[in-house]
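Asker: Next up, my_file_23.cif (mmCIF, C-alpha atoms and all ligand atoms).
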data_my_file
#
loop_
_atom_site.group_PDB
_atom_site.id
_atom_site.type_symbol
_atom_site.label_atom_id
_atom_site.label_comp_id
_atom_site.auth_asym_id
_atom_site.auth_seq_id
_atom_site.Cartn_x
_atom_site.Cartn_y
_atom_site.Cartn_z
ATOM 1 C CA MET A 1 -161.341 -111.134 -13.611
ATOM 2 C CA GLU A 2 -161.694 -113.934 -16.119
ATOM 3 C CA ALA A 3 -158.502 -115.852 -16.766
ATOM 4 C CA LEU A 4 -158.481 -115.135 -20.497
ATOM 5 C CA GLU A 5 -158.964 -111.398 -19.978
ATOM 6 C CA GLN A 6 -156.205 -111.380 -17.397
ATOM 7 C CA LEU A 7 -153.875 -113.186 -19.797
ATOM 8 C CA LYS A 8 -154.765 -110.733 -22.564
ATOM 9 C CA ILE A 9 -153.715 -107.809 -20.392
ATOM 10 C CA GLU A 10 -150.398 -109.515 -19.688
ATOM 11 C CA VAL A 11 -149.740 -110.332 -23.345
ATOM 12 C CA THR A 12 -150.722 -106.874 -24.551
ATOM 13 C CA SER A 13 -147.822 -105.303 -22.687
ATOM 14 C CA CYS A 14 -145.316 -108.094 -23.410
ATOM 15 C CA THR A 15 -141.790 -107.193 -24.490
ATOM 16 C CA ARG A 16 -140.214 -110.616 -24.067
ATOM 17 C CA CYS A 17 -138.919 -110.845 -27.640
ATOM 18 C CA ILE A 18 -137.789 -108.402 -30.320
ATOM 19 C CA LEU A 19 -141.089 -108.691 -32.191
ATOM 20 C CA SER A 20 -142.435 -106.219 -29.647
ATOM 21 C CA GLN A 21 -140.248 -103.478 -31.111
ATOM 22 C CA LYS A 22 -141.980 -103.010 -34.456
ATOM 23 C CA ARG A 23 -145.509 -104.141 -33.746
ATOM 24 C CA THR A 24 -148.460 -101.780 -33.989
ATOM 25 C CA HIS A 25 -150.763 -104.028 -31.987
ATOM 26 C CA VAL A 26 -150.412 -107.291 -30.128
ATOM 27 C CA VAL A 27 -152.820 -109.779 -31.689
ATOM 28 C CA PHE A 28 -153.948 -111.853 -28.776
ATOM 29 C CA GLY A 29 -156.706 -113.918 -30.401
ATOM 30 C CA GLU A 30 -160.477 -113.836 -30.616
ATOM 31 C CA GLY A 31 -163.563 -115.970 -30.717
ATOM 32 C CA ASN A 32 -165.739 -117.822 -28.272
ATOM 33 C CA GLN A 33 -163.744 -118.623 -25.153
ATOM 34 C CA PHE A 34 -165.960 -121.677 -24.692
ATOM 35 C CA ALA A 35 -165.400 -122.864 -28.266
ATOM 36 C CA LYS A 36 -164.660 -126.528 -28.859
ATOM 37 C CA ILE A 37 -162.418 -125.753 -31.826
ATOM 38 C CA MET A 38 -159.243 -123.697 -31.714
ATOM 39 C CA CYS A 39 -157.643 -122.621 -34.976
ATOM 40 C CA ILE A 40 -153.988 -121.724 -34.604
ATOM 41 C CA GLY A 41 -152.080 -119.812 -37.240
ATOM 42 C CA GLU A 42 -148.577 -118.483 -37.551
ATOM 43 C CA GLY A 43 -148.606 -114.834 -36.511
ATOM 44 C CA PRO A 44 -150.096 -111.478 -37.419
ATOM 45 C CA GLY A 45 -149.619 -110.095 -40.919
ATOM 46 C CA TYR A 46 -149.850 -106.452 -41.979
ATOM 47 C CA TYR A 47 -153.609 -106.021 -41.553
ATOM 48 C CA GLU A 48 -153.761 -108.019 -38.325
ATOM 49 C CA ASP A 49 -150.991 -105.860 -36.889
ATOM 50 C CA GLN A 50 -152.806 -102.699 -37.953
ATOM 51 C CA ILE A 51 -156.089 -103.524 -36.249
ATOM 52 C CA GLY A 52 -155.107 -106.063 -33.586
ATOM 53 C CA ARG A 53 -157.297 -108.957 -34.717
ATOM 54 C CA PRO A 54 -156.248 -112.353 -36.132
ATOM 55 C CA PHE A 55 -156.946 -113.375 -39.744
ATOM 56 C CA VAL A 56 -158.509 -110.198 -41.124
ATOM 57 C CA GLY A 57 -156.886 -109.867 -44.564
ATOM 58 C CA LYS A 58 -157.514 -112.070 -47.583
ATOM 59 C CA SER A 59 -156.357 -115.125 -45.632
ATOM 60 C CA GLY A 60 -158.912 -114.307 -42.971
ATOM 61 C CA GLU A 61 -161.672 -113.977 -45.542
ATOM 62 C CA LEU A 62 -160.771 -117.382 -46.919
ATOM 63 C CA LEU A 63 -160.606 -118.917 -43.458
ATOM 64 C CA ASP A 64 -164.058 -117.510 -42.643
ATOM 65 C CA LYS A 65 -165.351 -118.976 -45.906
ATOM 66 C CA ILE A 66 -163.928 -122.423 -45.145
ATOM 67 C CA LEU A 67 -165.291 -122.287 -41.601
ATOM 68 C CA GLY A 68 -168.635 -121.114 -42.953
ATOM 69 C CA VAL A 69 -169.103 -123.988 -45.374
ATOM 70 C CA SER A 70 -168.159 -126.311 -42.509
ATOM 71 C CA GLY A 71 -170.985 -124.814 -40.447
ATOM 72 C CA PHE A 72 -168.652 -122.960 -38.080
ATOM 73 C CA ASN A 73 -168.124 -119.305 -37.250
ATOM 74 C CA ARG A 74 -165.790 -117.286 -35.047
ATOM 75 C CA THR A 75 -168.376 -116.091 -32.581
ATOM 76 C CA GLU A 76 -169.900 -119.457 -31.744
ATOM 77 C CA HIS A 77 -167.712 -122.451 -32.586
ATOM 78 C CA VAL A 78 -164.141 -121.290 -32.914
ATOM 79 C CA TYR A 79 -161.414 -119.427 -31.067
ATOM 80 C CA ILE A 80 -158.540 -118.200 -33.234
ATOM 81 C CA ALA A 81 -155.002 -117.561 -32.027
ATOM 82 C CA ASN A 82 -151.459 -117.553 -33.378
ATOM 83 C CA ILE A 83 -148.109 -119.035 -32.457
ATOM 84 C CA VAL A 84 -146.632 -115.535 -32.051
ATOM 85 C CA LYS A 85 -148.739 -112.562 -31.013
ATOM 86 C CA CYS A 86 -146.684 -109.828 -32.687
ATOM 87 C CA ARG A 87 -145.984 -109.357 -36.387
ATOM 88 C CA PRO A 88 -142.589 -110.465 -37.660
ATOM 89 C CA PRO A 89 -141.205 -107.580 -39.762
ATOM 90 C CA GLY A 90 -141.937 -107.947 -43.465
ATOM 91 C CA ASN A 91 -144.114 -110.974 -42.731
ATOM 92 C CA ARG A 92 -141.062 -113.210 -42.381
ATOM 93 C CA ASP A 93 -141.488 -116.518 -40.573
ATOM 94 C CA PRO A 94 -141.152 -116.192 -36.805
ATOM 95 C CA LEU A 95 -137.747 -117.435 -35.663
ATOM 96 C CA PRO A 96 -137.562 -120.567 -33.479
ATOM 97 C CA GLU A 97 -136.554 -118.479 -30.451
ATOM 98 C CA GLU A 98 -139.471 -116.082 -31.021
ATOM 99 C CA ARG A 99 -141.866 -119.012 -31.267
ATOM 100 C CA ALA A 100 -140.453 -120.521 -28.099
ATOM 101 C CA THR A 101 -140.652 -117.247 -26.180
ATOM 102 C CA CYS A 102 -144.274 -116.670 -27.127
ATOM 103 C CA LEU A 103 -145.434 -120.276 -26.824
ATOM 104 C CA PRO A 104 -146.313 -120.173 -23.089
ATOM 105 C CA PHE A 105 -149.036 -117.617 -23.881
ATOM 106 C CA LEU A 106 -150.616 -119.935 -26.431
ATOM 107 C CA LEU A 107 -150.344 -122.903 -24.077
ATOM 108 C CA LYS A 108 -152.138 -120.868 -21.428
ATOM 109 C CA GLN A 109 -154.869 -119.927 -23.912
ATOM 110 C CA ILE A 110 -155.359 -123.605 -24.748
ATOM 111 C CA GLU A 111 -155.456 -124.500 -21.062
ATOM 112 C CA ILE A 112 -158.129 -121.878 -20.390
ATOM 113 C CA ILE A 113 -160.266 -122.548 -23.462
ATOM 114 C CA GLN A 114 -159.976 -126.358 -23.299
ATOM 115 C CA PRO A 115 -160.985 -127.029 -26.899
ATOM 116 C CA LYS A 116 -161.812 -130.527 -28.078
ATOM 117 C CA ILE A 117 -160.233 -130.002 -31.488
ATOM 118 C CA ILE A 118 -157.200 -127.969 -32.516
ATOM 119 C CA VAL A 119 -156.725 -127.061 -36.172
ATOM 120 C CA LEU A 120 -153.163 -126.084 -37.001
ATOM 121 C CA LEU A 121 -153.031 -123.733 -39.967
ATOM 122 C CA GLY A 122 -149.700 -124.172 -41.706
ATOM 123 C CA ALA A 123 -146.158 -125.285 -41.090
ATOM 124 C CA THR A 124 -145.269 -122.704 -38.441
ATOM 125 C CA ALA A 125 -148.219 -123.675 -36.269
ATOM 126 C CA LEU A 126 -147.316 -127.355 -36.649
ATOM 127 C CA LYS A 127 -143.653 -126.799 -35.841
ATOM 128 C CA GLY A 128 -144.363 -124.341 -33.057
ATOM 129 C CA LEU A 129 -146.860 -126.455 -31.187
ATOM 130 C CA ILE A 130 -146.064 -130.087 -31.985
ATOM 131 C CA ASP A 131 -142.657 -130.765 -33.478
ATOM 132 C CA PRO A 132 -140.037 -128.419 -34.990
ATOM 133 C CA ASN A 133 -139.070 -131.139 -37.455
ATOM 134 C CA ALA A 134 -142.581 -132.009 -38.650
ATOM 135 C CA LYS A 135 -143.498 -131.285 -42.246
ATOM 136 C CA ILE A 136 -146.961 -129.979 -43.033
ATOM 137 C CA THR A 137 -147.011 -131.720 -46.417
ATOM 138 C CA GLN A 138 -146.468 -135.073 -44.693
ATOM 139 C CA VAL A 139 -148.866 -134.821 -41.760
ATOM 140 C CA ARG A 140 -151.702 -132.614 -43.006
ATOM 141 C CA GLY A 141 -155.015 -134.389 -43.009
ATOM 142 C CA THR A 142 -153.887 -136.781 -40.270
ATOM 143 C CA TRP A 143 -155.292 -136.685 -36.757
ATOM 144 C CA LEU A 144 -152.552 -136.209 -34.173
ATOM 145 C CA GLU A 145 -153.027 -136.571 -30.466
ATOM 146 C CA TRP A 146 -151.271 -133.938 -28.381
ATOM 147 C CA ASN A 147 -151.779 -133.576 -24.626
ATOM 148 C CA GLY A 148 -155.208 -135.192 -24.921
ATOM 149 C CA TYR A 149 -156.341 -132.871 -27.721
ATOM 150 C CA GLN A 150 -157.332 -134.011 -31.182
ATOM 151 C CA VAL A 151 -155.161 -132.039 -33.592
ATOM 152 C CA MET A 152 -155.684 -131.614 -37.323
ATOM 153 C CA PRO A 153 -152.821 -129.983 -39.244
ATOM 154 C CA THR A 154 -153.743 -128.410 -42.555
ATOM 155 C CA PHE A 155 -152.468 -125.737 -44.917
ATOM 156 C CA HIS A 156 -152.470 -122.077 -43.987
ATOM 157 C CA PRO A 157 -155.103 -120.100 -45.928
ATOM 158 C CA SER A 158 -152.364 -117.922 -47.442
ATOM 159 C CA ALA A 159 -150.862 -121.075 -48.993
ATOM 160 C CA LEU A 160 -154.257 -121.805 -50.544
ATOM 161 C CA LEU A 161 -154.318 -118.287 -51.999
ATOM 162 C CA ARG A 162 -150.882 -118.840 -53.537
ATOM 163 C CA ASN A 163 -151.625 -122.321 -54.834
ATOM 164 C CA GLU A 164 -155.150 -123.197 -55.937
ATOM 165 C CA GLN A 165 -154.278 -126.890 -56.024
ATOM 166 C CA LEU A 166 -154.050 -126.988 -52.239
ATOM 167 C CA LYS A 167 -157.685 -125.990 -51.812
ATOM 168 C CA ARG A 168 -159.073 -129.456 -52.445
ATOM 169 C CA PRO A 169 -156.878 -131.243 -49.861
ATOM 170 C CA ALA A 170 -157.521 -128.449 -47.342
ATOM 171 C CA TRP A 171 -161.240 -128.888 -47.838
ATOM 172 C CA GLU A 172 -160.845 -132.636 -47.267
ATOM 173 C CA ASP A 173 -159.067 -131.815 -43.987
ATOM 174 C CA PHE A 174 -161.924 -129.593 -42.856
ATOM 175 C CA LYS A 175 -164.422 -132.318 -43.726
ATOM 176 C CA LYS A 176 -162.552 -134.477 -41.212
ATOM 177 C CA VAL A 177 -162.855 -131.688 -38.648
ATOM 178 C CA VAL A 178 -166.623 -131.579 -39.234
ATOM 179 C CA SER A 179 -166.826 -135.374 -38.775
ATOM 180 C CA LYS A 180 -164.799 -135.240 -35.573
ATOM 181 C CA TYR A 181 -166.908 -132.363 -34.275
ATOM 182 C CA ARG A 182 -170.037 -134.440 -34.863
ATOM 183 C CA GLU A 183 -168.387 -137.403 -33.170
ATOM 184 C CA ILE A 184 -167.152 -135.702 -29.998
ATOM 185 C CA VAL A 185 -169.035 -132.417 -29.662
ATOM 186 C CA ASN A 186 -172.378 -132.250 -31.443
ATOM 187 C CA PRO A 187 -173.830 -135.124 -33.504
ATOM 188 C CA GLU A 188 -176.434 -132.697 -34.894
ATOM 189 C CA HIS A 189 -173.892 -130.214 -36.238
ATOM 190 C CA PHE A 190 -175.057 -128.908 -39.595
ATOM 191 C CA SER A 191 -172.856 -128.225 -42.566
ATOM 192 C CA ALA A 192 -174.501 -127.719 -45.932
ATOM 193 C CA HIS A 193 -171.522 -129.219 -47.739
ATOM 194 C CA CYS A 194 -170.540 -132.339 -45.837
HETATM 195 S S1 LIG A 201 -144.325 -112.163 -29.982
HETATM 196 FE FE1 LIG A 201 -145.065 -112.963 -28.011
HETATM 197 S S2 LIG A 201 -143.221 -113.079 -26.711
HETATM 198 FE FE2 LIG A 201 -142.737 -111.715 -28.435
HETATM 199 S S3 LIG A 201 -143.218 -109.648 -27.671
HETATM 200 FE FE3 LIG A 201 -145.034 -110.407 -28.756
HETATM 201 S S4 LIG A 201 -146.321 -111.316 -27.153
HETATM 202 FE FE4 LIG A 201 -144.240 -111.100 -26.309
#
What does this structure look like when you write it as structure tokens?
Answerer:
Amino acid sequence: MEALEQLKIEVTSCTRCILSQKRTHVVFGEGNQFAKIMCIGEGPGYYEDQIGRPFVGKSGELLDKILGVSGFNRTEHVYIANIVKCRPPGNRDPLPEERATCLPFLLKQIEIIQPKIIVLLGATALKGLIDPNAKITQVRGTWLEWNGYQVMPTFHPSALLRNEQLKRPAWEDFKKVVSKYREIVNPEHFSAHC
């Protein structure tokens, strides 16, 4: 059995933290397992929990739009996962211990997928993967190197929905992702907008 499928089976029955108690579905992640870009968000919200897929509500629509104008889509270029795989009740932020308990699953996903570029969507993804003390407002738009991966932190799409003024800087961050993708993955990559 493929490693990612095997991991998915393990995660789907996980009860390692209390987030397992109120979830409807585990949201493992989805996309092309050979993708060169991984987008990592915070955790499932209401709609993601209901249907078991990442980024399916309004945030997901916006993420798909941003990916689309960058010339990327979920089926070909991107794999999407979250820091925690089960929905925190009431959409609260996942607690540090919940993040830490779930993190090995994400690390395994990264190890299997071996992306070239990791896009961190929001503060929780940044803190969960890189540094609990990092601030998204300070490091967004800056390339970080983590375990040999090129990492671009940017705002979470839900933050863009709450604050229109963040859309411009987020778009600038994705333009950098497109440039990096052309540099290290495909020089011919087409985006109509940059
Ligand atoms: S959030 Fe992660 S560690 Fe917690 S129960 Fe779900 S899969 Fe397991």
Asker: Determine, using all atoms listed in the file, which residues of chain A have any atom at most 7 Å from an atom of ligand LIG 201 (chain A), and tabulate each with its shortest atom pair and distance in Å to one decimal place, rows ordered by chain and then rising number, as a Markdown table.
Answerer:
| residue | atom | partner | partner_atom | distance |
| --- | --- | --- | --- | --- |
| A:Val11 | CA | A:LIG201 | S4 | 5.2 |
| A:Thr12 | CA | A:LIG201 | S4 | 6.8 |
| A:Cys14 | CA | A:LIG201 | FE4 | 4.3 |
| A:Thr15 | CA | A:LIG201 | S3 | 4.3 |
| A:Arg16 | CA | A:LIG201 | FE4 | 4.6 |
| A:Cys17 | CA | A:LIG201 | FE2 | 4.0 |
| A:Ile18 | CA | A:LIG201 | S3 | 6.2 |
| A:Leu19 | CA | A:LIG201 | S3 | 5.1 |
| A:Ser20 | CA | A:LIG201 | S3 | 4.0 |
| A:Val26 | CA | A:LIG201 | FE3 | 6.4 |
| A:Val84 | CA | A:LIG201 | S1 | 4.6 |
| A:Lys85 | CA | A:LIG201 | S1 | 4.6 |
| A:Cys86 | CA | A:LIG201 | S1 | 4.3 |
| A:Glu98 | CA | A:LIG201 | FE2 | 6.0 |
| A:Thr101 | CA | A:LIG201 | S2 | 4.9 |
| A:Cys102 | CA | A:LIG201 | S2 | 3.8 |
Asker: Which of these, A:His193, A:Lys36, A:Lys58, A:Arg99, has the shortest distance to A:Ser158 once you count only C-alpha atoms?
Answerer: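 Ranking A:His193, A:Lys36, A:Lys58, A:Arg99 by distance to A:Ser158, first place goes to A:Lys58.
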Asker: Using all atoms listed in the file, find the one residue out of A:Tyr149, A:Gly71, A:Cys39, A:Glu30 that sits nearest to A:Glu188.
Answerer: A:Gly71
Asker: The PyMOL selection byres (((chain A and resi 44) around 9) and not hetatm) - which residues does that actually catch in the file I just gave you? List them as a short mmCIF file (atom, residue, chain, number, x, y, z; two decimals) with C-alpha atoms, keeping the file's coordinate frame.
Answerer:
data_model
loop_
_atom_site.label_atom_id
_atom_site.label_comp_id
_atom_site.auth_asym_id
_atom_site.auth_seq_id
_atom_site.Cartn_x
_atom_site.Cartn_y
_atom_site.Cartn_z
CA VAL A 26 -150.41 -107.29 -30.13
CA VAL A 27 -152.82 -109.78 -31.69
CA GLY A 41 -152.08 -119.81 -37.24
CA GLU A 42 -148.58 -118.48 -37.55
CA GLY A 43 -148.61 -114.83 -36.51
CA GLY A 45 -149.62 -110.10 -40.92
CA TYR A 46 -149.85 -106.45 -41.98
CA TYR A 47 -153.61 -106.02 -41.55
CA GLU A 48 -153.76 -108.02 -38.33
CA ASP A 49 -150.99 -105.86 -36.89
CA GLY A 52 -155.11 -106.06 -33.59
CA ARG A 53 -157.30 -108.96 -34.72
CA PRO A 54 -156.25 -112.35 -36.13
CA PHE A 55 -156.95 -113.38 -39.74
CA ASN A 82 -151.46 -117.55 -33.38
CA VAL A 84 -146.63 -115.54 -32.05
CA LYS A 85 -148.74 -112.56 -31.01
CA CYS A 86 -146.68 -109.83 -32.69
CA ARG A 87 -145.98 -109.36 -36.39
CA PRO A 88 -142.59 -110.46 -37.66
CA ASN A 91 -144.11 -110.97 -42.73
#
Asker: Interatomic distance between atom CA of A:Thr24 and atom CA of A:Gln50?
Answerer: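 Atom CA of A:Gln50 lies 6.0 Å from atom CA of A:Thr24.
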Asker: Given the PyMOL selection byres (((chain A and resi 121) around 9) and not hetatm) and the file above, list the residues it selects as a ChimeraX atom specification.
Answerer: /A:39-42,119-120,122-126,152-157
Asker: Mind writing the picked residues with C-alpha atoms as a PDB file, in the frame of the given file?
Answerer:
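The result, stored in out.pdb:
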ATOM      1  CA  CYS A  39    -157.643-122.621 -34.976  1.00  0.00           C
ATOM      2  CA  ILE A  40    -153.988-121.724 -34.604  1.00  0.00           C
ATOM      3  CA  GLY A  41    -152.080-119.812 -37.240  1.00  0.00           C
ATOM      4  CA  GLU A  42    -148.577-118.483 -37.551  1.00  0.00           C
ATOM      5  CA  VAL A 119    -156.725-127.061 -36.172  1.00  0.00           C
ATOM      6  CA  LEU A 120    -153.163-126.084 -37.001  1.00  0.00           C
ATOM      7  CA  GLY A 122    -149.700-124.172 -41.706  1.00  0.00           C
ATOM      8  CA  ALA A 123    -146.158-125.285 -41.090  1.00  0.00           C
ATOM      9  CA  THR A 124    -145.269-122.704 -38.441  1.00  0.00           C
ATOM     10  CA  ALA A 125    -148.219-123.675 -36.269  1.00  0.00           C
ATOM     11  CA  LEU A 126    -147.316-127.355 -36.649  1.00  0.00           C
ATOM     12  CA  MET A 152    -155.684-131.614 -37.323  1.00  0.00           C
ATOM     13  CA  PRO A 153    -152.821-129.983 -39.244  1.00  0.00           C
ATOM     14  CA  THR A 154    -153.743-128.410 -42.555  1.00  0.00           C
ATOM     15  CA  PHE A 155    -152.468-125.737 -44.917  1.00  0.00           C
ATOM     16  CA  HIS A 156    -152.470-122.077 -43.987  1.00  0.00           C
ATOM     17  CA  PRO A 157    -155.103-120.100 -45.928  1.00  0.00           C
TER      18      PRO A 157
END
Asker: Report as a list of chain:residue names the full result of the PyMOL selection byres (((chain A and resi 2) around 12) and not hetatm) when it is applied to this structure.
Answerer: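 Matching residues under the PyMOL selection byres (((chain A and resi 2) around 12) and not hetatm) are A:Met1, A:Ala3, A:Leu4, A:Glu5, A:Gln6, A:Leu7, A:Lys8, A:Ile9, A:Gln33, A:Gln109, A:Ile112, A:Ile113.
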Asker: What is the atom CA of A:His25-atom CA of A:Lys116 distance in Å, reported with one decimal?
Answerer: 29.0 Å
Asker: Please indicate the distance in Å from atom CA of A:Phe28 to atom CA of A:Gln114, rounded to one decimal place.
Answerer: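 Computing it gives 16.6 Å between the two atoms.
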Asker: Name the residues in contact with A:Arg168 at a cut-off of 12 Å, using only C-alpha atoms, excluding same-chain residues fewer than 6 positions from it; report them as a PDB file with C-alpha atoms, in the coordinates of the input.
Answerer:
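Full text of out_7.pdb as output:
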ATOM      1  CA  ILE A  66    -163.928-122.423 -45.145  1.00  0.00           C
ATOM      2  CA  GLY A 141    -155.015-134.389 -43.009  1.00  0.00           C
ATOM      3  CA  THR A 154    -153.743-128.410 -42.555  1.00  0.00           C
ATOM      4  CA  PHE A 155    -152.468-125.737 -44.917  1.00  0.00           C
ATOM      5  CA  LEU A 160    -154.257-121.805 -50.544  1.00  0.00           C
ATOM      6  CA  PHE A 174    -161.924-129.593 -42.856  1.00  0.00           C
ATOM      7  CA  LYS A 175    -164.422-132.318 -43.726  1.00  0.00           C
TER       8      LYS A 175
END
Asker: Counting only C-alpha atoms, what is within 12 Å of A:Leu67, bar same-chain residues fewer than 5 positions away, as a PyMOL selection string?
Answerer: chain A and resi 37-39+60-62+72-80+119+157+170-171+173-175+177-178+190-193
Asker: Which is closer to A:Ser59 than all the others in A:Glu145, A:Pro96, A:Ala159, A:Pro89, using all atoms listed in the file?
Answerer: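 Smallest distance to A:Ser59 is found for A:Ala159.
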Asker: Which one of A:Ser70, A:Asn163, A:Asn133, A:Asn147 sits closest to A:Lys176 if you count all atoms listed in the file?
Answerer: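 For A:Lys176, the nearest of the candidates is A:Ser70.
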Asker: Have a look at A:Val56, A:Leu144, A:Leu63, A:Ile130 and name the one nearest to A:Gly29; count only C-alpha atoms.
Answerer: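 Selected residue with least distance to A:Gly29: A:Val56.
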